[in-house]
$ cat entry_6.cif   # mmCIF, C-alpha atoms
data_final
#
loop_
_atom_site.label_atom_id
_atom_site.label_comp_id
_atom_site.auth_asym_id
_atom_site.auth_seq_id
_atom_site.Cartn_x
_atom_site.Cartn_y
_atom_site.Cartn_z
CA MET A 131 -67.77 95.53 -70.17
CA LYS A 132 -67.39 96.98 -73.65
CA GLN A 133 -70.85 98.51 -73.45
CA ILE A 134 -69.99 100.28 -70.20
CA TRP A 135 -66.84 101.70 -71.79
CA LEU A 136 -68.73 102.84 -74.91
CA ILE A 137 -71.44 104.61 -72.89
CA PHE A 138 -68.78 106.24 -70.78
CA LEU A 139 -66.95 107.45 -73.93
CA LYS A 140 -70.20 108.71 -75.47
CA ASP A 141 -70.96 110.77 -72.37
CA VAL A 142 -67.45 112.19 -72.25
CA GLN A 143 -67.67 113.25 -75.90
CA GLN A 144 -71.08 114.78 -75.37
CA GLU A 145 -69.81 116.59 -72.30
CA PHE A 146 -66.89 118.08 -74.23
CA LYS A 147 -69.28 119.52 -76.80
CA THR A 148 -71.16 121.62 -74.25
CA ARG A 149 -69.08 121.37 -71.07
CA TYR A 150 -72.28 122.13 -69.13
CA ALA A 151 -71.87 119.74 -66.18
CA ILE A 152 -68.18 120.49 -65.70
CA ASN A 153 -68.73 124.25 -65.77
CA ALA A 154 -71.71 124.06 -63.42
CA ILE A 155 -69.97 121.85 -60.89
CA MET A 156 -66.64 123.73 -60.87
CA LEU A 157 -68.14 127.21 -60.73
CA PHE A 158 -70.57 126.14 -58.03
CA ALA A 159 -67.65 124.84 -55.95
CA ILE A 160 -65.61 128.01 -56.46
CA VAL A 161 -68.56 130.29 -55.71
CA THR A 162 -69.48 128.46 -52.49
CA LEU A 163 -65.86 128.25 -51.41
CA SER A 164 -65.35 132.00 -51.87
CA ALA A 165 -68.66 132.74 -50.16
CA VAL A 166 -67.64 130.64 -47.15
CA SER A 167 -64.13 132.08 -47.05
CA PHE A 168 -65.46 135.62 -47.45
CA SER A 169 -67.96 135.29 -44.62
CA ILE A 170 -65.48 133.65 -42.25
CA GLY A 171 -62.78 136.24 -42.98
CA ALA A 172 -59.62 136.14 -40.94
CA TYR A 173 -61.12 133.91 -38.26
CA THR A 174 -59.30 130.59 -38.12
CA ALA A 175 -61.86 127.84 -37.77
CA THR A 176 -61.22 124.59 -35.91
CA THR A 177 -60.58 121.41 -37.88
CA ARG A 178 -64.03 120.19 -36.89
CA VAL A 179 -65.73 123.16 -38.54
CA LEU A 180 -63.40 123.05 -41.56
CA ALA A 181 -64.04 119.36 -42.20
CA ALA A 182 -67.81 119.99 -42.11
CA LEU A 183 -67.49 123.01 -44.42
CA PHE A 184 -65.38 121.04 -46.86
CA TRP A 185 -67.97 118.27 -47.14
CA ILE A 186 -70.86 120.69 -47.41
CA ILE A 187 -69.15 122.44 -50.34
CA LEU A 188 -68.31 119.09 -51.94
CA PHE A 189 -71.84 117.74 -51.44
CA PHE A 190 -73.73 120.71 -52.79
CA SER A 191 -71.43 121.26 -55.76
CA SER A 192 -71.73 117.62 -56.76
CA MET A 193 -75.51 117.93 -56.38
CA SER A 194 -75.42 120.75 -58.93
CA GLY A 195 -73.84 118.58 -61.61
CA LEU A 196 -74.47 114.88 -61.05
CA SER A 197 -78.12 114.92 -62.12
CA HIS A 198 -77.28 116.39 -65.53
CA ILE A 199 -76.23 113.09 -67.03
CA PHE A 200 -79.74 111.59 -67.09
CA ILE A 201 -81.67 114.82 -67.57
CA ARG A 202 -79.68 115.36 -70.77
CA GLU A 203 -80.88 112.03 -72.15
CA GLU A 204 -84.48 113.03 -71.48
CA GLU A 205 -84.08 116.55 -72.90
CA THR A 206 -82.53 115.42 -76.18
CA GLN A 207 -84.94 112.44 -76.23
CA THR A 208 -82.14 109.94 -76.71
CA ALA A 209 -83.21 107.80 -73.76
CA ASP A 210 -85.30 105.46 -75.92
CA THR A 211 -82.48 104.79 -78.36
CA LEU A 212 -80.14 104.09 -75.48
CA LYS A 213 -82.71 101.65 -74.12
CA LEU A 214 -82.57 99.70 -77.37
CA VAL A 215 -78.82 99.42 -77.71
CA ALA A 216 -77.62 98.66 -74.18
CA ARG A 217 -78.43 96.65 -71.08
CA PRO A 218 -79.70 98.69 -68.07
CA SER A 219 -76.85 97.62 -65.80
CA SER A 220 -74.20 98.77 -68.27
CA ILE A 221 -76.01 102.09 -68.75
CA TYR A 222 -75.99 102.61 -65.00
CA LEU A 223 -72.31 101.70 -64.70
CA GLY A 224 -71.32 103.86 -67.69
CA LYS A 225 -73.08 106.87 -66.19
CA PHE A 226 -71.66 106.02 -62.78
CA PHE A 227 -68.08 106.07 -64.09
CA PHE A 228 -68.71 109.38 -65.83
CA ASN A 229 -69.98 110.91 -62.59
CA LEU A 230 -67.01 109.39 -60.75
CA VAL A 231 -64.60 111.12 -63.14
CA LEU A 232 -66.55 114.35 -62.72
CA LEU A 233 -66.20 114.11 -58.94
CA VAL A 234 -62.46 113.40 -59.17
CA LEU A 235 -62.00 116.46 -61.41
CA LEU A 236 -64.00 118.53 -58.91
CA GLU A 237 -61.83 117.34 -56.04
CA VAL A 238 -58.59 117.98 -57.96
CA ILE A 239 -59.63 121.65 -58.11
CA LEU A 240 -61.41 121.93 -54.77
CA ILE A 241 -58.90 120.24 -52.43
CA PRO A 242 -55.85 122.45 -53.17
CA LEU A 243 -58.01 125.60 -53.20
CA PHE A 244 -59.66 124.66 -49.90
CA ILE A 245 -56.33 123.88 -48.25
CA ALA A 246 -54.84 127.14 -49.49
CA ILE A 247 -57.76 129.49 -48.85
CA MET A 248 -59.18 128.07 -45.63
CA ASN A 249 -55.78 127.28 -44.12
CA PHE A 250 -56.76 123.65 -43.57
CA LYS A 251 -53.76 121.68 -42.30
CA VAL A 252 -53.88 118.04 -43.32
CA VAL A 253 -51.59 115.94 -41.12
CA SER A 254 -52.24 112.59 -42.76
CA PHE A 255 -52.70 112.79 -46.51
CA GLN A 256 -53.03 109.02 -46.49
CA ILE A 257 -56.32 109.17 -44.55
CA PHE A 258 -57.52 112.25 -46.41
CA LEU A 259 -56.98 110.87 -49.92
CA LEU A 260 -58.33 107.43 -48.99
CA THR A 261 -61.47 109.09 -47.59
CA MET A 262 -61.92 111.04 -50.80
CA PHE A 263 -61.24 108.00 -52.97
CA ILE A 264 -63.66 105.66 -51.18
CA GLY A 265 -66.22 108.41 -50.51
CA ASN A 266 -66.40 109.17 -54.24
CA PHE A 267 -67.79 105.71 -54.97
CA GLY A 268 -70.66 106.22 -52.52
CA LEU A 269 -71.38 109.78 -53.68
CA ALA A 270 -71.31 108.89 -57.37
CA GLY A 271 -73.24 105.63 -56.88
CA GLY A 272 -76.10 107.14 -54.87
CA GLY A 273 -76.07 110.36 -56.89
CA THR A 274 -76.33 108.55 -60.23
CA MET A 275 -79.26 106.44 -59.01
CA VAL A 276 -81.22 109.40 -57.63
CA ALA A 277 -80.45 111.29 -60.87
CA ALA A 278 -82.10 108.47 -62.82
CA ILE A 279 -85.20 108.69 -60.60
CA ILE A 280 -85.31 112.48 -60.96
CA SER A 281 -84.99 112.40 -64.75
CA LYS A 282 -88.17 110.29 -64.88
CA ALA A 283 -90.10 112.57 -62.51
CA SER A 284 -91.71 115.52 -64.19
CA THR A 285 -90.13 118.27 -62.10
CA LYS A 286 -86.37 118.44 -62.12
CA GLY A 287 -83.68 120.34 -60.28
CA ALA A 288 -84.67 121.24 -56.73
CA LEU A 289 -85.99 117.76 -55.98
CA PHE A 290 -82.59 116.18 -56.62
CA THR A 291 -80.96 117.58 -53.48
CA VAL A 292 -84.02 116.77 -51.38
CA LEU A 293 -84.07 113.14 -52.51
CA SER A 294 -80.35 112.47 -52.39
CA PHE A 295 -79.63 114.10 -49.03
CA PRO A 296 -81.08 111.33 -46.83
CA ILE A 297 -79.61 108.65 -49.11
CA LEU A 298 -76.11 110.15 -49.14
CA LEU A 299 -76.00 111.24 -45.50
CA PRO A 300 -73.96 108.21 -44.34
CA VAL A 301 -71.17 109.32 -46.72
CA LEU A 302 -71.39 112.84 -45.37
CA ILE A 303 -71.30 111.80 -41.70
CA SER A 304 -68.41 109.34 -42.00
CA GLY A 305 -66.63 111.60 -44.49
CA ILE A 306 -66.69 114.57 -42.13
CA SER A 307 -65.49 112.43 -39.24
CA ALA A 308 -62.65 110.89 -41.29
CA THR A 309 -61.55 114.28 -42.66
CA ARG A 310 -61.37 115.65 -39.13
CA LYS A 311 -59.19 112.71 -38.13
CA ALA A 312 -56.94 113.33 -41.16
CA ALA A 313 -56.26 116.78 -39.75
CA GLU A 314 -55.62 115.52 -36.23
CA SER A 315 -53.72 112.26 -36.27
CA VAL A 316 -51.16 110.43 -38.37
CA LYS A 317 -52.15 106.82 -37.82
CA LEU A 318 -54.34 105.21 -40.48
CA MET A 319 -55.96 102.94 -37.88
CA ASP A 320 -57.62 105.91 -36.16
CA ALA A 321 -59.97 106.39 -39.09
CA GLN A 322 -60.61 102.68 -39.52
CA ASN A 323 -64.30 102.78 -38.53
CA GLU A 324 -65.12 105.61 -40.90
CA LEU A 325 -63.24 104.11 -43.85
CA GLN A 326 -64.92 100.75 -43.34
CA ALA A 327 -68.32 102.46 -43.21
CA LEU A 328 -67.59 104.38 -46.42
CA LEU A 329 -66.42 101.24 -48.20
CA ALA A 330 -69.44 99.20 -47.07
CA TYR A 331 -71.80 102.00 -48.04
CA GLY A 332 -70.24 102.31 -51.50
CA ILE A 333 -70.51 98.59 -52.21
CA ILE A 334 -74.09 98.30 -50.90
CA ILE A 335 -75.42 101.36 -52.71
CA ILE A 336 -73.84 100.34 -56.05
CA VAL A 337 -75.17 96.78 -55.83
CA ALA A 338 -78.65 97.98 -54.82
CA SER A 339 -78.63 100.54 -57.63
CA ILE A 340 -77.67 97.98 -60.28
CA LEU A 341 -80.53 95.75 -59.08
CA LEU A 342 -83.10 98.57 -58.94
CA PHE A 343 -82.00 100.56 -62.00
CA ASP A 344 -83.91 98.26 -64.34
CA PHE A 345 -87.23 99.33 -62.77
CA VAL A 346 -86.49 103.02 -63.18
CA TRP A 347 -85.14 102.79 -66.70
CA ASN A 348 -87.57 100.42 -68.46
CA GLU A 349 -91.21 101.37 -68.60
CA MET B 1016 -112.10 92.93 -36.47
CA SER B 1017 -114.65 91.42 -34.17
CA LYS B 1018 -116.27 93.22 -31.27
CA LEU B 1019 -114.54 91.07 -28.67
CA TRP B 1020 -111.12 92.06 -29.98
CA LYS B 1021 -112.05 95.71 -29.83
CA ILE B 1022 -113.08 95.41 -26.19
CA ILE B 1023 -109.86 93.60 -25.34
CA LEU B 1024 -107.78 96.21 -27.13
CA TYR B 1025 -109.52 99.19 -25.53
CA THR B 1026 -109.45 97.84 -21.98
CA GLY B 1027 -105.86 96.68 -22.50
CA LEU B 1028 -104.72 100.13 -23.57
CA ALA B 1029 -106.60 101.75 -20.68
CA LEU B 1030 -105.02 99.30 -18.22
CA ILE B 1031 -101.58 100.06 -19.64
CA ILE B 1032 -102.06 103.79 -19.08
CA VAL B 1033 -103.15 103.13 -15.49
CA GLY B 1034 -100.33 100.63 -15.02
CA ALA B 1035 -97.68 102.98 -16.36
CA PHE B 1036 -98.74 105.83 -14.10
CA VAL B 1037 -99.75 104.04 -10.91
CA TRP B 1038 -98.78 100.39 -10.74
CA ALA B 1039 -95.27 100.06 -12.16
CA PRO B 1040 -92.43 101.04 -9.82
CA LEU B 1041 -90.06 103.86 -10.79
CA GLU B 1042 -86.42 103.44 -11.65
CA PRO B 1043 -84.87 104.91 -8.49
CA LYS B 1044 -81.43 106.14 -9.55
CA ILE B 1045 -81.48 108.19 -12.74
CA LEU B 1046 -84.88 108.37 -14.36
CA LYS B 1047 -87.23 108.54 -11.34
CA GLU B 1048 -90.61 110.03 -12.40
CA TYR B 1049 -89.49 110.13 -16.00
CA THR B 1050 -89.62 106.33 -16.18
CA ARG B 1051 -93.28 106.56 -17.17
CA ILE B 1052 -92.72 107.97 -20.65
CA PHE B 1053 -90.63 104.89 -21.40
CA TYR B 1054 -93.79 102.74 -21.66
CA PHE B 1055 -95.05 104.87 -24.53
CA HIS B 1056 -91.92 106.14 -26.27
CA VAL B 1057 -90.37 102.74 -26.94
CA PRO B 1058 -93.50 101.06 -28.46
CA VAL B 1059 -94.11 104.09 -30.69
CA ALA B 1060 -90.49 104.06 -31.89
CA TRP B 1061 -90.66 100.30 -32.46
CA ILE B 1062 -93.85 100.66 -34.52
CA CYS B 1063 -92.27 103.38 -36.63
CA VAL B 1064 -89.44 100.96 -37.53
CA LEU B 1065 -91.97 98.15 -38.11
CA PHE B 1066 -93.99 100.18 -40.57
CA PHE B 1067 -90.73 101.08 -42.39
CA LEU B 1068 -90.08 97.37 -42.94
CA ILE B 1069 -93.67 96.85 -44.10
CA ALA B 1070 -93.39 99.73 -46.58
CA ALA B 1071 -90.17 98.26 -47.97
CA TYR B 1072 -91.85 94.85 -48.21
CA TYR B 1073 -94.82 96.21 -50.18
CA SER B 1074 -92.52 98.28 -52.40
CA PHE B 1075 -90.63 95.08 -53.22
CA GLN B 1076 -93.91 93.27 -53.85
CA PHE B 1077 -95.00 96.05 -56.18
CA LEU B 1078 -91.80 95.87 -58.24
CA ARG B 1079 -92.19 92.10 -58.47
CA THR B 1080 -95.87 91.99 -59.48
CA LYS B 1081 -96.57 95.51 -60.87
CA ASP B 1082 -99.89 95.45 -58.98
CA LEU B 1083 -100.94 99.00 -58.07
CA LEU B 1084 -102.68 97.74 -54.94
CA TYR B 1085 -99.28 96.99 -53.38
CA ASP B 1086 -98.17 100.52 -54.16
CA ALA B 1087 -101.23 101.85 -52.34
CA TYR B 1088 -100.36 99.61 -49.36
CA ALA B 1089 -96.78 100.91 -49.36
CA LYS B 1090 -98.12 104.44 -49.42
CA ILE B 1091 -100.47 103.98 -46.47
CA SER B 1092 -97.84 102.23 -44.39
CA ASN B 1093 -95.58 105.19 -45.09
CA GLU B 1094 -98.35 107.56 -44.03
CA LEU B 1095 -98.87 105.70 -40.76
CA GLY B 1096 -95.09 105.52 -40.39
CA ILE B 1097 -94.65 109.27 -40.61
CA LEU B 1098 -97.35 109.67 -37.94
CA PHE B 1099 -95.56 107.31 -35.55
CA ALA B 1100 -92.16 108.81 -36.39
CA ILE B 1101 -93.47 112.24 -35.37
CA LEU B 1102 -94.92 110.76 -32.16
CA ALA B 1103 -91.59 109.06 -31.40
CA THR B 1104 -89.70 112.30 -32.08
CA VAL B 1105 -91.99 114.34 -29.82
CA THR B 1106 -92.01 111.88 -26.91
CA GLY B 1107 -88.26 111.34 -27.27
CA SER B 1108 -87.69 115.06 -27.34
CA ILE B 1109 -89.69 115.61 -24.15
CA TRP B 1110 -87.75 112.81 -22.48
CA ALA B 1111 -84.48 114.33 -23.68
CA LYS B 1112 -85.47 117.70 -22.20
CA VAL B 1113 -86.04 116.32 -18.72
CA THR B 1114 -83.08 113.95 -18.61
CA TRP B 1115 -80.39 115.56 -20.80
CA GLY B 1116 -81.47 119.17 -20.41
CA SER B 1117 -82.34 120.11 -23.99
CA PHE B 1118 -85.05 119.18 -26.46
CA TRP B 1119 -82.61 118.51 -29.26
CA ASN B 1120 -78.86 117.93 -29.23
CA TRP B 1121 -78.09 115.67 -32.21
CA ASP B 1122 -77.63 112.51 -30.27
CA PRO B 1123 -77.15 109.62 -32.77
CA ARG B 1124 -80.66 108.34 -32.00
CA GLU B 1125 -82.10 111.77 -32.63
CA THR B 1126 -80.12 111.97 -35.86
CA SER B 1127 -81.48 108.64 -37.08
CA ILE B 1128 -85.12 109.52 -36.38
CA PHE B 1129 -84.54 112.86 -38.10
CA ILE B 1130 -83.18 111.03 -41.17
CA LEU B 1131 -86.25 108.81 -41.13
CA LEU B 1132 -88.48 111.90 -41.18
CA LEU B 1133 -86.39 113.33 -44.05
CA ILE B 1134 -86.80 110.09 -46.01
CA TYR B 1135 -90.59 110.26 -45.53
CA GLY B 1136 -90.60 113.88 -46.62
CA ALA B 1137 -88.56 113.03 -49.72
CA TYR B 1138 -90.79 110.02 -50.46
CA PHE B 1139 -93.97 112.06 -50.43
CA SER B 1140 -92.45 114.97 -52.37
CA LEU B 1141 -91.33 112.47 -55.02
CA ARG B 1142 -94.86 111.07 -55.19
CA SER B 1143 -96.37 114.52 -55.57
CA ALA B 1144 -93.91 115.38 -58.36
CA VAL B 1145 -94.91 112.57 -60.73
CA GLU B 1146 -98.22 112.72 -62.60
CA GLN B 1147 -98.52 109.30 -64.22
CA GLU B 1148 -99.79 106.68 -61.84
CA ASP B 1149 -97.68 103.64 -62.76
CA ARG B 1150 -94.51 105.69 -63.13
CA ARG B 1151 -95.13 107.32 -59.75
CA ALA B 1152 -95.59 103.91 -58.16
CA ARG B 1153 -92.39 102.58 -59.71
CA LEU B 1154 -90.18 105.54 -58.77
CA ALA B 1155 -91.58 105.67 -55.24
CA ALA B 1156 -90.99 101.95 -54.76
CA VAL B 1157 -87.39 102.20 -56.00
CA TYR B 1158 -86.73 105.17 -53.74
CA SER B 1159 -88.28 103.40 -50.78
CA LEU B 1160 -86.02 100.38 -51.26
CA LEU B 1161 -82.95 102.57 -51.80
CA ALA B 1162 -83.68 104.35 -48.52
CA PHE B 1163 -84.25 101.00 -46.82
CA VAL B 1164 -80.74 99.90 -47.83
CA THR B 1165 -79.15 102.94 -46.16
CA VAL B 1166 -81.02 102.67 -42.85
CA PRO B 1167 -78.67 100.07 -41.28
CA PHE B 1168 -75.91 102.68 -41.49
CA PHE B 1169 -77.83 105.02 -39.23
CA VAL B 1170 -78.64 102.25 -36.79
CA PHE B 1171 -75.22 100.56 -36.56
CA VAL B 1172 -72.53 102.85 -37.96
CA VAL B 1173 -73.42 106.32 -36.74
CA PRO B 1174 -73.71 105.39 -33.03
CA ARG B 1175 -70.29 103.76 -33.38
CA ILE B 1176 -68.67 106.96 -34.62
CA TYR B 1177 -70.44 109.35 -32.30
CA PHE B 1178 -70.92 109.03 -28.56
CA SER B 1179 -74.53 108.38 -27.52
CA LEU B 1180 -76.48 109.28 -24.39
CA HIS B 1181 -79.50 107.21 -25.34
CA PRO B 1182 -80.53 105.02 -22.41
CA ASP B 1183 -80.04 101.61 -24.08
CA PRO B 1184 -76.87 101.36 -21.97
CA VAL B 1185 -78.87 102.10 -18.79
CA ILE B 1186 -81.66 99.60 -19.42
CA ASN B 1187 -80.14 97.20 -21.87
CA THR B 1188 -76.63 96.09 -20.91
CA GLN B 1189 -75.08 92.97 -22.43
CA GLY B 1190 -78.28 92.20 -24.33
CA LYS B 1191 -80.30 91.67 -21.13
CA ILE B 1192 -83.18 93.91 -20.18
CA HIS B 1193 -82.91 94.96 -16.53
CA LEU B 1194 -86.45 95.64 -15.46
CA GLU B 1195 -88.42 94.74 -12.41
CA LEU B 1196 -91.32 92.33 -12.82
CA ARG B 1197 -94.10 94.94 -12.82
CA GLN B 1198 -92.15 97.20 -15.15
CA ARG B 1199 -91.60 94.28 -17.43
CA VAL B 1200 -95.30 93.37 -17.49
CA VAL B 1201 -96.39 96.91 -18.31
CA PHE B 1202 -93.65 97.41 -20.89
CA PHE B 1203 -94.21 94.23 -22.87
CA SER B 1204 -98.01 94.44 -22.77
CA SER B 1205 -97.70 98.04 -23.95
CA LEU B 1206 -95.46 96.87 -26.79
CA ILE B 1207 -97.92 94.14 -27.80
CA PHE B 1208 -101.06 96.26 -27.55
CA HIS B 1209 -99.52 99.16 -29.45
CA THR B 1210 -98.49 96.75 -32.21
CA VAL B 1211 -102.00 95.31 -32.37
CA LEU B 1212 -103.47 98.83 -32.50
CA TYR B 1213 -101.13 99.72 -35.35
CA LEU B 1214 -101.90 96.58 -37.33
CA TRP B 1215 -105.61 97.23 -36.85
CA LEU B 1216 -105.27 100.79 -38.18
CA PHE B 1217 -103.25 99.47 -41.09
CA GLN B 1218 -105.85 96.81 -41.81
CA MET B 1219 -108.64 99.39 -41.88
CA ARG B 1220 -106.73 101.64 -44.23
CA LYS B 1221 -105.95 98.65 -46.45
CA THR B 1222 -109.63 97.76 -46.73
CA GLN B 1223 -110.47 101.38 -47.46
CA VAL B 1224 -107.91 101.62 -50.27
CA LYS B 1225 -109.07 98.31 -51.73
CA LEU B 1226 -112.70 99.50 -51.78
CA GLN B 1227 -111.65 102.77 -53.39
CA MET B 1228 -109.90 100.86 -56.14
CA ILE B 1229 -112.87 98.59 -56.77
CA LEU B 1230 -115.17 101.61 -56.89
CA ARG B 1231 -112.92 103.35 -59.38
CA LEU B 1232 -112.75 100.30 -61.63
CA TYR B 1233 -116.54 100.01 -61.46
CA LYS B 1234 -117.01 103.66 -62.43
CA GLU B 1235 -114.56 103.36 -65.30
CA ASN B 1236 -116.34 100.29 -66.62
CA LYS B 1237 -119.68 102.07 -66.39
CA MET B 1238 -118.35 105.03 -68.32
CA LEU B 1239 -117.00 102.73 -71.00
CA GLU B 1240 -120.38 101.04 -71.36
CA GLU B 1241 -122.14 104.36 -71.81
#

$ encode --input "entry_6.cif" --output "structure tokens"
Amino acid sequence: MKQIWLIFLKDVQQEFKTRYAINAIMLFAIVTLSAVSFSIGAYTATTRVLAALFWIILFFSSMSGLSHIFIREEETQTADTLKLVARPSSIYLGKFFFNLVLLVLLEVILIPLFIAIMNFKVVSFQIFLLTMFIGNFGLAGGGTMVAAIISKASTKGALFTVLSFPILLPVLISGISATRKAAESVKLMDAQNELQALLAYGIIIIVASILLFDFVWNE
Amino acid sequence: MSKLWKIILYTGLALIIVGAFVWAPLEPKILKEYTRIFYFHVPVAWICVLFFLIAAYYSFQFLRTKDLLYDAYAKISNELGILFAILATVTGSIWAKVTWGSFWNWDPRETSIFILLLIYGAYFSLRSAVEQEDRRARLAAVYSLLAFVTVPFFVFVVPRIYFSLHPDPVINTQGKIHLELRQRVVFFSSLIFHTVLYLWLFQMRKTQVKLQMILRLYKENKMLEE
């Protein structure tokens, strides 16, 4: 538990020195959001389209930043030292919590901007925020694991989106569906299926990642 | 595989083709002439799921034993899997055109086979990106198992959220398969013979890979001696 916290703190401190991941992820979100808003113009899109657009922006901006956490370890060649001082599962969880915080920060910026710029009317904030909260676990869990795989492969960058898209698609599909329901109905029970799917996905992907992370990390 | 088995397999497959086109009665209400593709589409789709399980099994075996032979087996079952996934997509797409009116309309079943193709694509692009052999095997095995964990979501969760037109409800209601006797005979023998054909192909590829490995080891030893 202490190890997880220490690795998390180390990554936060390192991030504040360069602020690379935060800048990349935020600017990517803002650029895509303005590109989407610019090309749609005054046309008011349906909630179905808006929910899909929201998740596409969220997915691709998180893809631009989540892989950084492991690639940095390889670039500065600190991966071996980290291997010596900590257990693989606590490394995975430390990195996972860092990515989780990164995603929450992204959403704190993206959600108000999206609602304001795209004129997205959320009827039930309860469903919307729950979807975001549970969806984050799946996104960060799968994203962190694929980032670890990518950092060990020789080519980096473009491959990350290709590999994580099929893995993270369940989050995307249920997330889009739940977000649409948040804009249409008030009752929490309407989005029950989607929220259950997101929760189950998050738990399964995190457990599988903890089990498999050892094989990626130790050579 | 002995000669007798080959003869049984070939005649069996020929009989199934004849049976599907001539002998088995048509479903009179909805499908009519299009019933025939059912005898080929379903076995192919079933094999493509079967291979996916086999690939996950060999990936697991590789991680457990670190034997590169298992990695080669996982790779060839993925190669055969992508072949059958493409066949299932094409036959399904033709069927969709004649019954639903369009080749592709993102029905949940179409989505899940598309995801399967994406996973194969990602698997092979990951393999091509890594140079070192043991590292490539490890990363590919981990990715294969990670993908395997997410597949139940496409099978059980997505069809629950989105409405499906796939004919399980027509043929398979309340867990019972409503087929006439002749249809049933052709369908199940097609399923069995296709599975045997697939396992035979897999077996041949396995032997080939094994021989390649032995040959490589032999060459390396020879070079060391010189």

$ resolve_selection --input "entry_6.cif" --expression "the PyMOL selection byres ((chain A) within 9 of (chain B))" --output "PyMOL selection string"
chain A and resi 272+275-276+279-280+282-286+289+292-300+303-304+307+323-324+327+331+334-335+338-339+342-343+345-346+349

$ write_last_selection --input "entry_6.cif" --atoms "C-alpha atoms" --output "PDB file, keeping the file's coordinate frame"
ATOM      1  CA  GLY A 272     -76.100 107.140 -54.870  1.00  0.00           C
ATOM      2  CA  MET A 275     -79.260 106.440 -59.010  1.00  0.00           C
ATOM      3  CA  VAL A 276     -81.220 109.400 -57.630  1.00  0.00           C
ATOM      4  CA  ILE A 279     -85.200 108.690 -60.600  1.00  0.00           C
ATOM      5  CA  ILE A 280     -85.310 112.480 -60.960  1.00  0.00           C
ATOM      6  CA  LYS A 282     -88.170 110.290 -64.880  1.00  0.00           C
ATOM      7  CA  ALA A 283     -90.100 112.570 -62.510  1.00  0.00           C
ATOM      8  CA  SER A 284     -91.710 115.520 -64.190  1.00  0.00           C
ATOM      9  CA  THR A 285     -90.130 118.270 -62.100  1.00  0.00           C
ATOM     10  CA  LYS A 286     -86.370 118.440 -62.120  1.00  0.00           C
ATOM     11  CA  LEU A 289     -85.990 117.760 -55.980  1.00  0.00           C
ATOM     12  CA  VAL A 292     -84.020 116.770 -51.380  1.00  0.00           C
ATOM     13  CA  LEU A 293     -84.070 113.140 -52.510  1.00  0.00           C
ATOM     14  CA  SER A 294     -80.350 112.470 -52.390  1.00  0.00           C
ATOM     15  CA  PHE A 295     -79.630 114.100 -49.030  1.00  0.00           C
ATOM     16  CA  PRO A 296     -81.080 111.330 -46.830  1.00  0.00           C
ATOM     17  CA  ILE A 297     -79.610 108.650 -49.110  1.00  0.00           C
ATOM     18  CA  LEU A 298     -76.110 110.150 -49.140  1.00  0.00           C
ATOM     19  CA  LEU A 299     -76.000 111.240 -45.500  1.00  0.00           C
ATOM     20  CA  PRO A 300     -73.960 108.210 -44.340  1.00  0.00           C
ATOM     21  CA  ILE A 303     -71.300 111.800 -41.700  1.00  0.00           C
ATOM     22  CA  SER A 304     -68.410 109.340 -42.000  1.00  0.00           C
ATOM     23  CA  SER A 307     -65.490 112.430 -39.240  1.00  0.00           C
ATOM     24  CA  ASN A 323     -64.300 102.780 -38.530  1.00  0.00           C
ATOM     25  CA  GLU A 324     -65.120 105.610 -40.900  1.00  0.00           C
ATOM     26  CA  ALA A 327     -68.320 102.460 -43.210  1.00  0.00           C
ATOM     27  CA  TYR A 331     -71.800 102.000 -48.040  1.00  0.00           C
ATOM     28  CA  ILE A 334     -74.090  98.300 -50.900  1.00  0.00           C
ATOM     29  CA  ILE A 335     -75.420 101.360 -52.710  1.00  0.00           C
ATOM     30  CA  ALA A 338     -78.650  97.980 -54.820  1.00  0.00           C
ATOM     31  CA  SER A 339     -78.630 100.540 -57.630  1.00  0.00           C
ATOM     32  CA  LEU A 342     -83.100  98.570 -58.940  1.00  0.00           C
ATOM     33  CA  PHE A 343     -82.000 100.560 -62.000  1.00  0.00           C
ATOM     34  CA  PHE A 345     -87.230  99.330 -62.770  1.00  0.00           C
ATOM     35  CA  VAL A 346     -86.490 103.020 -63.180  1.00  0.00           C
ATOM     36  CA  GLU A 349     -91.210 101.370 -68.600  1.00  0.00           C
TER      37      GLU A 349
END

$ residues_around --input "entry_6.cif" --residues "region 1031-1034 of chain B" --least-positions-apart "2" --cutoff "10 Å" --atoms "all atoms listed in the file" --output "list in words"
Tyr1025, Thr1026, Gly1027, Leu1028, Ala1029, Phe1036, Val1037, Trp1038, Ala1039, Pro1040, Arg1051, Tyr1054, Phe1055, Arg1197, Gln1198, Val1200, Val1201, Phe1202, Phe1203, Ser1204, Ser1205, Leu1206 and Phe1208 of chain B

$ residues_around --input "entry_6.cif" --residues "Thr177 (chain A)" --least-positions-apart "4" --cutoff "7 Å" --atoms "all atoms listed in the file" --output "mmCIF file with C-alpha atoms, in the frame of the given file"
data_model
loop_
_atom_site.group_PDB
_atom_site.id
_atom_site.type_symbol
_atom_site.label_atom_id
_atom_site.label_comp_id
_atom_site.auth_asym_id
_atom_site.auth_seq_id
_atom_site.Cartn_x
_atom_site.Cartn_y
_atom_site.Cartn_z
ATOM 1 C CA ALA A 181 -64.040 119.360 -42.200
ATOM 2 C CA ARG A 310 -61.370 115.650 -39.130
ATOM 3 C CA ALA A 313 -56.260 116.780 -39.750
#

$ residues_near_point --input "entry_6.cif" --point "(-93.5, 99.9, -41.2)" --cutoff "12 Å" --atoms "only C-alpha atoms" --output "PyMOL selection string"
chain B and resi 1059-1074+1088-1100+1131+1135+1159+1163+1210+1213-1214+1217
